[in-house]
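Content type compact mmCIF, C-alpha atoms, from the file query-v1.txt:
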# COMPACT_ATOMS: atom_id res chain seq x y z
CA MET A 1 0.00 0.00 0.00
CA VAL A 2 1.24 3.50 -0.88
CA TYR A 3 0.67 6.34 1.63
CA ASN A 4 0.34 9.99 0.67
CA GLU A 5 0.10 13.12 2.78
CA LEU A 6 -3.31 14.76 2.63
CA GLY A 7 -2.49 18.39 1.88
CA LYS A 8 -0.80 19.94 4.90
CA THR A 9 -2.77 17.97 7.49
CA GLY A 10 0.13 15.69 8.38
CA MET A 11 -2.12 12.68 7.80
CA LYS A 12 -0.44 10.07 5.62
CA VAL A 13 -3.34 8.16 4.13
CA SER A 14 -3.44 4.98 2.08
CA ASN A 15 -3.93 5.66 -1.61
CA LEU A 16 -6.95 3.33 -1.51
CA SER A 17 -9.32 4.02 1.35
CA PHE A 18 -12.57 2.72 2.78
CA GLY A 19 -15.84 4.55 2.15
CA ALA A 20 -18.36 3.33 4.70
CA SER A 21 -21.51 4.38 2.82
CA SER A 22 -22.10 0.71 1.98
CA LEU A 23 -22.44 -0.07 5.70
CA GLY A 24 -25.66 1.93 5.61
CA GLY A 25 -27.15 -0.23 2.89
CA VAL A 26 -26.94 2.68 0.46
CA PHE A 27 -26.43 0.43 -2.55
CA HIS A 28 -28.20 -2.73 -1.34
CA ASP A 29 -29.07 -4.46 1.92
CA ILE A 30 -26.11 -5.79 3.89
CA ARG A 31 -25.46 -8.34 6.59
CA GLU A 32 -24.12 -6.33 9.51
CA ALA A 33 -21.56 -8.91 10.61
CA GLU A 34 -20.17 -9.09 7.09
CA GLY A 35 -19.93 -5.29 6.91
CA ILE A 36 -18.02 -5.20 10.19
CA ARG A 37 -15.64 -7.85 8.87
CA ALA A 38 -15.12 -5.78 5.71
CA VAL A 39 -13.84 -2.90 7.86
CA HIS A 40 -11.48 -5.22 9.72
CA VAL A 41 -10.15 -6.72 6.48
CA ALA A 42 -9.50 -3.22 5.11
CA ILE A 43 -7.50 -2.16 8.17
CA ASP A 44 -5.63 -5.47 8.39
CA ASN A 45 -4.48 -5.05 4.79
CA GLY A 46 -3.07 -1.54 4.99
CA ILE A 47 -6.04 0.81 4.51
CA ASN A 48 -5.87 3.52 7.18
CA PHE A 49 -8.47 6.10 6.12
CA ILE A 50 -12.21 5.60 6.64
CA ASP A 51 -14.91 8.01 5.51
CA VAL A 52 -18.54 8.00 6.62
CA SER A 53 -21.50 10.34 7.17
CA PRO A 54 -24.64 10.44 9.32
CA TYR A 55 -26.52 10.68 6.03
CA TYR A 56 -25.45 7.23 4.82
CA GLY A 57 -28.25 4.86 5.64
CA HIS A 58 -29.73 7.62 7.80
CA LEU A 59 -27.34 6.99 10.73
CA LYS A 60 -26.95 3.25 10.06
CA ALA A 61 -23.49 3.49 8.45
CA GLU A 62 -22.02 5.36 11.42
CA THR A 63 -23.68 2.94 13.83
CA VAL A 64 -22.34 -0.17 12.08
CA LEU A 65 -18.91 1.40 11.63
CA GLY A 66 -18.84 2.24 15.33
CA LYS A 67 -19.33 -1.43 16.15
CA ALA A 68 -16.45 -2.35 13.83
CA LEU A 69 -14.12 0.28 15.29
CA ARG A 70 -14.54 -0.97 18.85
CA GLU A 71 -12.19 -3.83 18.01
CA ILE A 72 -9.56 -1.71 16.23
CA PRO A 73 -6.87 0.35 18.03
CA ARG A 74 -7.52 4.06 17.48
CA ASP A 75 -4.03 4.68 16.13
CA LYS A 76 -4.62 2.26 13.23
CA TYR A 77 -6.89 4.59 11.26
CA PHE A 78 -7.86 8.15 10.39
CA LEU A 79 -11.59 8.78 10.63
CA SER A 80 -13.60 11.21 8.51
CA THR A 81 -17.27 12.07 8.81
CA LYS A 82 -19.57 14.92 7.82
CA VAL A 83 -22.17 17.51 8.79
CA GLY A 84 -24.94 19.26 6.89
CA ARG A 85 -26.76 16.42 5.14
CA TYR A 86 -29.02 14.06 7.06
CA GLY A 87 -32.05 11.85 6.73
CA LYS A 88 -34.90 10.53 8.81
CA ASN A 89 -37.56 7.96 8.06
CA GLY A 90 -36.37 7.76 4.45
CA VAL A 91 -36.56 11.53 3.93
CA ASN A 92 -33.48 13.62 3.09
CA THR A 93 -32.87 16.74 5.16
CA TRP A 94 -30.22 19.45 5.12
CA ASP A 95 -29.11 21.83 7.87
CA TYR A 96 -25.89 23.81 7.51
CA SER A 97 -26.40 26.00 10.58
CA ALA A 98 -23.55 26.36 13.07
CA LYS A 99 -25.69 24.95 15.87
CA ARG A 100 -26.66 21.81 13.98
CA ALA A 101 -23.10 21.29 12.69
CA THR A 102 -21.71 21.39 16.22
CA GLU A 103 -24.39 19.05 17.57
CA SER A 104 -23.87 16.67 14.68
CA VAL A 105 -20.16 16.23 15.41
CA TYR A 106 -20.81 15.14 18.99
CA GLU A 107 -23.64 12.84 17.89
CA SER A 108 -21.35 11.22 15.32
CA MET A 109 -18.62 10.67 17.89
CA GLU A 110 -21.10 8.89 20.15
CA ARG A 111 -22.31 6.60 17.34
CA LEU A 112 -18.75 5.92 16.23
CA GLY A 113 -17.47 5.33 19.76
CA VAL A 114 -14.55 7.75 19.44
CA ASP A 115 -13.45 10.79 21.42
CA TYR A 116 -12.20 12.80 18.44
CA ILE A 117 -12.60 12.89 14.67
CA ASP A 118 -9.56 13.30 12.44
CA LEU A 119 -11.38 15.07 9.58
CA ILE A 120 -14.80 16.71 9.66
CA ASN A 121 -16.40 17.74 6.36
CA VAL A 122 -19.28 19.93 5.28
CA HIS A 123 -21.27 17.42 3.22
CA ASP A 124 -22.44 18.12 -0.37
CA ILE A 125 -22.26 21.89 -0.18
CA GLU A 126 -24.18 22.36 -3.44
CA PHE A 127 -27.43 21.73 -1.54
CA GLN A 128 -26.78 24.75 0.68
CA GLY A 129 -26.02 26.60 -2.56
CA ASP A 130 -29.69 26.13 -3.49
CA MET A 131 -30.95 27.39 -0.11
CA PRO A 132 -31.20 30.87 1.46
CA GLY A 133 -27.73 32.24 2.08
CA GLY A 134 -26.24 29.97 -0.57
CA LEU A 135 -22.63 28.89 -0.32
CA GLN A 136 -21.89 32.05 1.65
CA LYS A 137 -23.62 30.40 4.62
CA VAL A 138 -21.09 27.57 4.49
CA VAL A 139 -18.33 30.20 4.62
CA ASP A 140 -19.93 32.37 7.32
CA GLU A 141 -21.55 29.79 9.56
CA THR A 142 -20.83 26.10 8.97
CA LEU A 143 -17.07 26.27 8.56
CA PRO A 144 -16.45 28.65 11.52
CA ALA A 145 -18.35 26.21 13.77
CA LEU A 146 -16.06 23.38 12.65
CA VAL A 147 -12.96 25.55 12.98
CA GLU A 148 -13.97 26.24 16.59
CA LEU A 149 -14.17 22.49 17.20
CA ARG A 150 -10.75 22.18 15.61
CA ARG A 151 -9.44 24.83 18.00
CA LYS A 152 -10.84 22.85 20.93
CA GLY A 153 -9.23 19.63 19.72
CA VAL A 154 -12.55 17.86 19.16
CA VAL A 155 -11.69 17.45 15.46
CA GLY A 156 -8.29 17.43 13.84
CA HIS A 157 -8.96 18.95 10.44
CA VAL A 158 -11.74 20.57 8.40
CA GLY A 159 -12.82 19.84 4.84
CA ILE A 160 -15.67 20.21 2.36
CA THR A 161 -17.25 17.76 -0.08
CA ASP A 162 -19.25 18.12 -3.27
CA LEU A 163 -19.87 16.64 -6.70
CA GLN A 164 -19.28 20.00 -8.38
CA PRO A 165 -15.62 21.09 -8.12
CA GLU A 166 -16.44 24.70 -8.93
CA ASN A 167 -18.38 24.91 -5.65
CA LEU A 168 -15.37 23.62 -3.73
CA LYS A 169 -13.17 26.25 -5.39
CA TRP A 170 -15.63 29.05 -4.60
CA VAL A 171 -15.81 28.21 -0.89
CA ILE A 172 -12.02 28.01 -0.59
CA GLU A 173 -11.65 31.36 -2.37
CA HIS A 174 -14.15 33.01 -0.04
CA SER A 175 -12.85 31.50 3.22
CA GLU A 176 -9.91 32.57 5.34
CA GLU A 177 -6.75 30.79 4.24
CA GLY A 178 -6.26 27.56 6.14
CA THR A 179 -9.93 27.11 6.99
CA VAL A 180 -10.45 24.36 4.41
CA GLU A 181 -7.70 21.75 4.64
CA SER A 182 -9.08 19.13 2.27
CA ILE A 183 -11.75 18.54 -0.35
CA LEU A 184 -13.60 15.38 -1.25
CA ASN A 185 -14.89 15.17 -4.81
CA PHE A 186 -16.51 12.17 -6.43
CA CYS A 187 -16.98 10.79 -9.94
CA HIS A 188 -14.50 13.27 -11.41
CA TYR A 189 -11.35 11.17 -11.36
CA SER A 190 -12.51 7.99 -13.00
CA LEU A 191 -12.19 6.33 -16.40
CA ASN A 192 -15.04 8.39 -17.85
CA ASP A 193 -14.28 11.76 -16.25
CA THR A 194 -11.08 13.44 -15.00
CA LEU A 195 -12.47 16.94 -14.46
CA ILE A 196 -10.91 17.30 -11.02
CA THR A 197 -7.42 17.42 -12.57
CA GLU A 198 -8.26 20.91 -13.88
CA TYR A 199 -8.46 22.11 -10.26
CA LEU A 200 -5.40 20.41 -8.78
CA ASP A 201 -3.12 23.43 -9.24
CA PHE A 202 -5.62 25.61 -7.38
CA PHE A 203 -5.96 23.18 -4.49
CA GLU A 204 -2.19 22.78 -4.24
CA GLN A 205 -1.67 26.56 -4.19
CA HIS A 206 -3.98 26.77 -1.19
CA GLY A 207 -2.47 23.78 0.61
CA VAL A 208 -5.68 21.81 0.27
CA GLY A 209 -5.49 18.02 0.11
CA VAL A 210 -7.56 16.09 -2.44
CA ILE A 211 -9.70 13.03 -1.75
CA ASN A 212 -11.22 11.26 -4.73
CA ALA A 213 -14.29 9.07 -4.34
CA SER A 214 -16.28 6.59 -6.38
CA PRO A 215 -13.76 5.17 -8.86
CA LEU A 216 -16.65 3.14 -10.33
CA SER A 217 -18.57 6.37 -10.91
CA MET A 218 -21.44 5.26 -8.67
CA GLY A 219 -21.75 1.96 -10.51
CA LEU A 220 -21.43 3.17 -14.11
CA LEU A 221 -18.08 1.40 -14.41
CA SER A 222 -19.18 -2.04 -13.28
CA GLN A 223 -20.34 -5.30 -14.76
CA ARG A 224 -23.55 -5.01 -12.77
CA GLY A 225 -24.20 -1.57 -14.28
CA ALA A 226 -25.49 1.62 -12.72
CA PRO A 227 -28.38 1.33 -10.26
CA ASP A 228 -31.80 2.62 -11.25
CA TRP A 229 -31.37 5.76 -9.14
CA HIS A 230 -28.15 6.80 -10.91
CA PRO A 231 -28.55 10.40 -12.18
CA GLY A 232 -26.39 9.87 -15.31
CA THR A 233 -27.98 10.16 -18.73
CA LYS A 234 -29.23 7.16 -20.69
CA GLU A 235 -26.51 7.71 -23.29
CA LEU A 236 -23.75 7.76 -20.65
CA ARG A 237 -25.06 4.62 -18.99
CA GLU A 238 -25.18 2.81 -22.33
CA ALA A 239 -21.64 3.91 -23.26
CA CYS A 240 -20.24 2.67 -19.95
CA SER A 241 -22.14 -0.58 -20.35
CA ARG A 242 -20.48 -1.13 -23.72
CA ALA A 243 -17.10 -0.42 -22.14
CA ALA A 244 -17.78 -2.90 -19.34
CA GLU A 245 -18.75 -5.57 -21.86
CA TYR A 246 -15.56 -4.95 -23.86
CA CYS A 247 -13.43 -5.32 -20.72
CA GLN A 248 -15.20 -8.55 -19.88
CA GLN A 249 -14.35 -9.88 -23.35
CA GLN A 250 -10.70 -9.09 -22.65
CA GLY A 251 -10.84 -11.02 -19.39
CA TYR A 252 -10.15 -7.83 -17.44
CA PRO A 253 -13.10 -6.67 -15.29
CA ILE A 254 -13.85 -2.98 -15.71
CA GLU A 255 -13.94 -2.65 -11.91
CA LYS A 256 -10.27 -3.66 -11.80
CA LEU A 257 -9.31 -1.14 -14.48
CA ALA A 258 -11.35 1.61 -12.81
CA ILE A 259 -9.76 1.08 -9.39
CA GLN A 260 -6.27 0.98 -10.92
CA PHE A 261 -6.88 4.11 -12.98
CA SER A 262 -8.07 6.14 -10.00
CA THR A 263 -5.22 5.12 -7.70
CA SER A 264 -2.17 4.98 -9.95
CA LEU A 265 -1.90 7.97 -12.23
CA ASN A 266 -1.91 11.18 -10.20
CA PRO A 267 0.17 11.49 -7.01
CA ARG A 268 -1.50 14.83 -6.17
CA ILE A 269 -4.68 12.93 -5.32
CA ALA A 270 -3.92 11.62 -1.85
CA THR A 271 -6.47 8.83 -1.72
CA THR A 272 -9.40 7.25 -3.55
CA LEU A 273 -12.42 6.00 -1.62
CA PHE A 274 -14.26 2.85 -2.60
CA SER A 275 -17.18 1.33 -0.74
CA SER A 276 -18.03 -2.30 -0.15
CA ALA A 277 -19.58 -4.20 2.73
CA ASN A 278 -18.19 -7.46 1.30
CA PRO A 279 -14.82 -8.55 2.79
CA ASP A 280 -13.93 -10.48 -0.37
CA ASN A 281 -14.47 -7.38 -2.51
CA VAL A 282 -12.30 -5.35 -0.16
CA LEU A 283 -9.44 -7.82 -0.60
CA LYS A 284 -10.00 -7.93 -4.34
CA ASN A 285 -9.78 -4.14 -4.66
CA ILE A 286 -6.62 -3.99 -2.59
CA GLY A 287 -5.15 -6.64 -4.87
CA TYR A 288 -6.05 -4.59 -7.95
CA VAL A 289 -4.06 -1.62 -6.64
CA ASN A 290 -0.95 -3.77 -6.36
CA GLU A 291 -1.09 -5.00 -9.97
CA PRO A 292 0.15 -3.11 -13.06
CA MET A 293 -2.57 -1.41 -15.09
CA ASP A 294 -3.24 -2.18 -18.76
CA GLU A 295 -2.77 1.31 -20.20
CA GLN A 296 -3.85 0.27 -23.70
CA LEU A 297 -7.13 -0.98 -22.26
CA VAL A 298 -7.65 2.44 -20.64
CA LYS A 299 -7.37 4.04 -24.08
CA ASP A 300 -9.74 1.47 -25.57
CA VAL A 301 -12.33 2.01 -22.85
CA GLN A 302 -12.20 5.78 -23.17
CA ARG A 303 -12.56 5.46 -26.93
CA ILE A 304 -15.68 3.33 -26.44
CA ILE A 305 -17.14 5.85 -23.99
CA GLY A 306 -16.40 8.42 -26.68
CA ASP A 307 -18.49 11.59 -26.65
CA GLN A 308 -19.95 10.60 -23.27
CA MET A 309 -16.61 11.35 -21.60
CA PHE A 310 -17.01 14.24 -19.14
CA VAL A 311 -20.82 14.16 -19.31
CA ARG A 312 -21.96 15.56 -15.97
CA TRP A 313 -25.05 15.31 -13.79
CA LYS A 314 -26.48 17.06 -10.77
CA ASN A 315 -26.18 15.58 -7.31
CA SER A 316 -29.20 13.85 -5.85

Could you show the structure in this file as structure tokens?
Amino acid sequence: MVYNELGKTGMKVSNLSFGASSLGGVFHDIREAEGIRAVHVAIDNGINFIDVSPYYGHLKAETVLGKALREIPRDKYFLSTKVGRYGKNGVNTWDYSAKRATESVYESMERLGVDYIDLINVHDIEFQGDMPGGLQKVVDETLPALVELRRKGVVGHVGITDLQPENLKWVIEHSEEGTVESILNFCHYSLNDTLITEYLDFFEQHGVGVINASPLSMGLLSQRGAPDWHPGTKELREACSRAAEYCQQQGYPIEKLAIQFSTSLNPRIATTLFSSANPDNVLKNIGYVNEPMDEQLVKDVQRIIGDQMFVRWKNS
């Protein structure tokens, strides 16, 4: 496993890391014991960064992860969670107020069974962008609340997450230098879309570390195919399906190529998050990272995706 420093945080994180959204049954129902074992397998095989959110499974992911972490020494992992996006009784809710952000951190720590959080993020800031106060509220209210918790030692570092990299850039530009220490962006450093690379110089100039998520582009780059809820266009889904079929014909699963692509080509991206509640899949993905990538197959796949490369969608 390769370890990279996340910006200027001092955290050296594994280049492949564990996204715990799957523990909340976000993609499909899970067996809790198997999900807990998946976390243990990840840590035992060199992964040292875990990301979760109270939103995933509407508290379930944090709850299951907390059970898994009870059996793991605290110095074996860095833990990241989020504030701002929640859910209850199957209904999505958002609250980016300073009061709710502060409360949420303590609630997360209780569910997770820890006494501090290494990285706390404002979750999916584009949703606040559509609400009164817009992204300015994240700058004026949410982030200062988290910075205060950082000052108190409750959290180690502060970050922001979003699908749209331009929103991440805007918040960094409008915040006091050093407020935002990392960004998490998803589906923009994968086989079908490398948009985030256009922003790497900016993030580096501001000392902001980069976390990439969803190397399978939320299921687009998989043999199973994108789930019904995927917000991508019909044309994009079909193009990725053709690419997956081609990879299968070559005896090289597209999941393997996608994981390798997202973890091997750009050292300025500190880590890439994948999510699986299946211990066997965790081991398989770690194995992929340690094998050489077929660069010709990357070119073939991107040619098949063709004019659907860089096709974007709105978060949901």

Requested in this report: Taking the point (-14.1, -1.3, 16.7) as given in the file, collect each protein or nucleic acid residue that comes within 12 Å of it, counting only C-alpha atoms, and present the set as number ranges by chain.
Outcome: A: 36-40, 43, 62-77, 111-114

Would you mind listing what lies within 6 Å of range 157-165 of chain A as a tab-separated table (two decimals) with C-alpha atoms, in the coordinates of the input, with all atoms listed in the file counted and same-chain residues fewer than 5 positions away left out?
chain	number	residue	atom	x	y	z
A	119	LEU	CA	-11.38	15.07	9.58
A	120	ILE	CA	-14.80	16.71	9.66
A	121	ASN	CA	-16.40	17.74	6.36
A	122	VAL	CA	-19.28	19.93	5.28
A	123	HIS	CA	-21.27	17.42	3.22
A	124	ASP	CA	-22.44	18.12	-0.37
A	125	ILE	CA	-22.26	21.89	-0.18
A	180	VAL	CA	-10.45	24.36	4.41
A	181	GLU	CA	-7.70	21.75	4.64
A	182	SER	CA	-9.08	19.13	2.27
A	183	ILE	CA	-11.75	18.54	-0.35
A	184	LEU	CA	-13.60	15.38	-1.25
A	185	ASN	CA	-14.89	15.17	-4.81
A	186	PHE	CA	-16.51	12.17	-6.43

May I have the residues within 9 Å of Gln308 in chain A as a PDB file with C-alpha atoms, keeping the file's coordinate frame, using all atoms listed in the file and disregarding those fewer than 5 positions away in the same chain?
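Result file part_23.pdb:
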ATOM      1  CA  ASN A 192     -15.040   8.390 -17.850  1.00  0.00           C
ATOM      2  CA  GLU A 235     -26.510   7.710 -23.290  1.00  0.00           C
ATOM      3  CA  LEU A 236     -23.750   7.760 -20.650  1.00  0.00           C
ATOM      4  CA  ARG A 237     -25.060   4.620 -18.990  1.00  0.00           C
ATOM      5  CA  ALA A 239     -21.640   3.910 -23.260  1.00  0.00           C
ATOM      6  CA  CYS A 240     -20.240   2.670 -19.950  1.00  0.00           C
TER       7      CYS A 240
END

Requested in this report: Check the smallest atom-to-atom distance from each of A:Arg268, A:Val289, A:Pro54, A:Ala258 to Ser80 in chain A using all atoms listed in the file, then report the winner.
Outcome: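 Checking each candidate against Ser80 in chain A, we get A:Pro54 as the closest.
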
**Report entry** For CA of Ser275 in chain A and CA of Pro215 in chain A, the interatomic separation in Å (one decimal)
**Finding:**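 Separation of CA of Ser275 in chain A and CA of Pro215 in chain A: 9.6 Å.
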
Query raised in the report: Skipping near chain neighbours, those fewer than 5 positions away, what residues fall within 12 Å of Asp115 in chain A using all atoms listed in the file, listed as a PyMOL selection string?
Result: chain A and resi 66+74+79+105-110+153-156

Please, could you write that set of residues out with C-alpha atoms as a compact mmCIF listing (two decimals), in the coordinates of the input?
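out.txt written:
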# COMPACT_ATOMS: atom_id res chain seq x y z
CA GLY A 66 -18.84 2.24 15.33
CA ARG A 74 -7.52 4.06 17.48
CA LEU A 79 -11.59 8.78 10.63
CA VAL A 105 -20.16 16.23 15.41
CA TYR A 106 -20.81 15.14 18.99
CA GLU A 107 -23.64 12.84 17.89
CA SER A 108 -21.35 11.22 15.32
CA MET A 109 -18.62 10.67 17.89
CA GLU A 110 -21.10 8.89 20.15
CA GLY A 153 -9.23 19.63 19.72
CA VAL A 154 -12.55 17.86 19.16
CA VAL A 155 -11.69 17.45 15.46
CA GLY A 156 -8.29 17.43 13.84

Query raised in the report: What does the distance from CA of Gln296 in chain A to CA of Leu195 in chain A come to in Å, to one decimal?
Result: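 Separation of CA of Gln296 in chain A and CA of Leu195 in chain A: 20.9 Å.
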
**Report entry** CA of Ser264 in chain A to CA of Leu23 in chain A, straight-line distance in Å
**Finding:**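 Separation of CA of Leu23 in chain A and CA of Ser264 in chain A: 26.1 Å.
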
Go ahead and fit an axis-aligned box to every listed atom of range 184-189 of chain A plus 6 Å each side, and pass me the centre and edge lengths in Å, one decimal, as JSON.
{"center_x": -14.2, "center_y": 13.1, "center_z": -6.3, "size_x": 17.6, "size_y": 16.6, "size_z": 22.2}

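For the set A:Val301, A:Ile47, A:Cys187, A:Val41, the residue with the smallest atom-to-atom gap to Pro253 in chain A is A:Val301, counting all atoms listed in the file.
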
Requested in this report: Using all atoms listed in the file, pick whichever of A:Asp228, A:Leu221, A:Gly10, A:Asn281 has the shortest atom-to-atom distance to Glu255 in chain A.
Outcome: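 With all atoms listed in the file as the atom set, the closest residue is A:Leu221.
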
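Proximity ranking of A:Ile117, A:Val171, A:Ile211, A:Ala98 relative to Thr142 in chain A places A:Ala98 first, based on all atoms listed in the file.
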
Select range 295-313 of chain A in the preceding structure and write N, CA and C atoms to a file as an mmCIF file, in the first residue's frame.
data_model
loop_
_atom_site.group_PDB
_atom_site.id
_atom_site.type_symbol
_atom_site.label_atom_id
_atom_site.label_comp_id
_atom_site.auth_asym_id
_atom_site.auth_seq_id
_atom_site.Cartn_x
_atom_site.Cartn_y
_atom_site.Cartn_z
ATOM 1 N N GLU A 295 -2.552 -0.051 -19.718
ATOM 2 C CA GLU A 295 -2.773 1.313 -20.199
ATOM 3 C C GLU A 295 -3.424 1.342 -21.576
ATOM 4 N N GLN A 296 -3.187 0.323 -22.394
ATOM 5 C CA GLN A 296 -3.855 0.269 -23.697
ATOM 6 C C GLN A 296 -5.352 0.059 -23.508
ATOM 7 N N LEU A 297 -5.712 -0.740 -22.524
ATOM 8 C CA LEU A 297 -7.129 -0.978 -22.264
ATOM 9 C C LEU A 297 -7.807 0.305 -21.795
ATOM 10 N N VAL A 298 -7.101 1.138 -21.038
ATOM 11 C CA VAL A 298 -7.650 2.443 -20.638
ATOM 12 C C VAL A 298 -8.016 3.249 -21.887
ATOM 13 N N LYS A 299 -7.101 3.296 -22.848
ATOM 14 C CA LYS A 299 -7.367 4.041 -24.083
ATOM 15 C C LYS A 299 -8.548 3.450 -24.837
ATOM 16 N N ASP A 300 -8.629 2.127 -24.874
ATOM 17 C CA ASP A 300 -9.736 1.469 -25.568
ATOM 18 C C ASP A 300 -11.071 1.795 -24.911
ATOM 19 N N VAL A 301 -11.095 1.742 -23.594
ATOM 20 C CA VAL A 301 -12.330 2.014 -22.853
ATOM 21 C C VAL A 301 -12.773 3.459 -23.067
ATOM 22 N N GLN A 302 -11.830 4.375 -22.994
ATOM 23 C CA GLN A 302 -12.201 5.782 -23.169
ATOM 24 C C GLN A 302 -12.644 6.071 -24.602
ATOM 25 N N ARG A 303 -12.096 5.328 -25.541
ATOM 26 C CA ARG A 303 -12.561 5.460 -26.931
ATOM 27 C C ARG A 303 -13.993 4.958 -27.054
ATOM 28 N N ILE A 304 -14.317 3.867 -26.395
ATOM 29 C CA ILE A 304 -15.677 3.325 -26.442
ATOM 30 C C ILE A 304 -16.666 4.289 -25.777
ATOM 31 N N ILE A 305 -16.272 4.877 -24.657
ATOM 32 C CA ILE A 305 -17.145 5.851 -23.987
ATOM 33 C C ILE A 305 -17.338 7.078 -24.872
ATOM 34 N N GLY A 306 -16.295 7.423 -25.611
ATOM 35 C CA GLY A 306 -16.397 8.416 -26.682
ATOM 36 C C GLY A 306 -16.933 9.765 -26.251
ATOM 37 N N ASP A 307 -17.983 10.248 -26.925
ATOM 38 C CA ASP A 307 -18.495 11.591 -26.646
ATOM 39 C C ASP A 307 -19.246 11.678 -25.328
ATOM 40 N N GLN A 308 -19.340 10.565 -24.600
ATOM 41 C CA GLN A 308 -19.950 10.599 -23.271
ATOM 42 C C GLN A 308 -18.910 10.834 -22.164
ATOM 43 N N MET A 309 -17.632 10.950 -22.570
ATOM 44 C CA MET A 309 -16.613 11.354 -21.602
ATOM 45 C C MET A 309 -16.952 12.751 -21.094
ATOM 46 N N PHE A 310 -16.800 12.945 -19.808
ATOM 47 C CA PHE A 310 -17.006 14.239 -19.137
ATOM 48 C C PHE A 310 -18.464 14.682 -19.090
ATOM 49 N N VAL A 311 -19.403 13.811 -19.452
ATOM 50 C CA VAL A 311 -20.824 14.162 -19.310
ATOM 51 C C VAL A 311 -21.152 14.215 -17.828
ATOM 52 N N ARG A 312 -21.739 15.326 -17.400
ATOM 53 C CA ARG A 312 -21.955 15.561 -15.967
ATOM 54 C C ARG A 312 -23.430 15.398 -15.599
ATOM 55 N N TRP A 313 -23.679 15.361 -14.295
ATOM 56 C CA TRP A 313 -25.051 15.311 -13.794
ATOM 57 C C TRP A 313 -25.104 16.063 -12.473
#
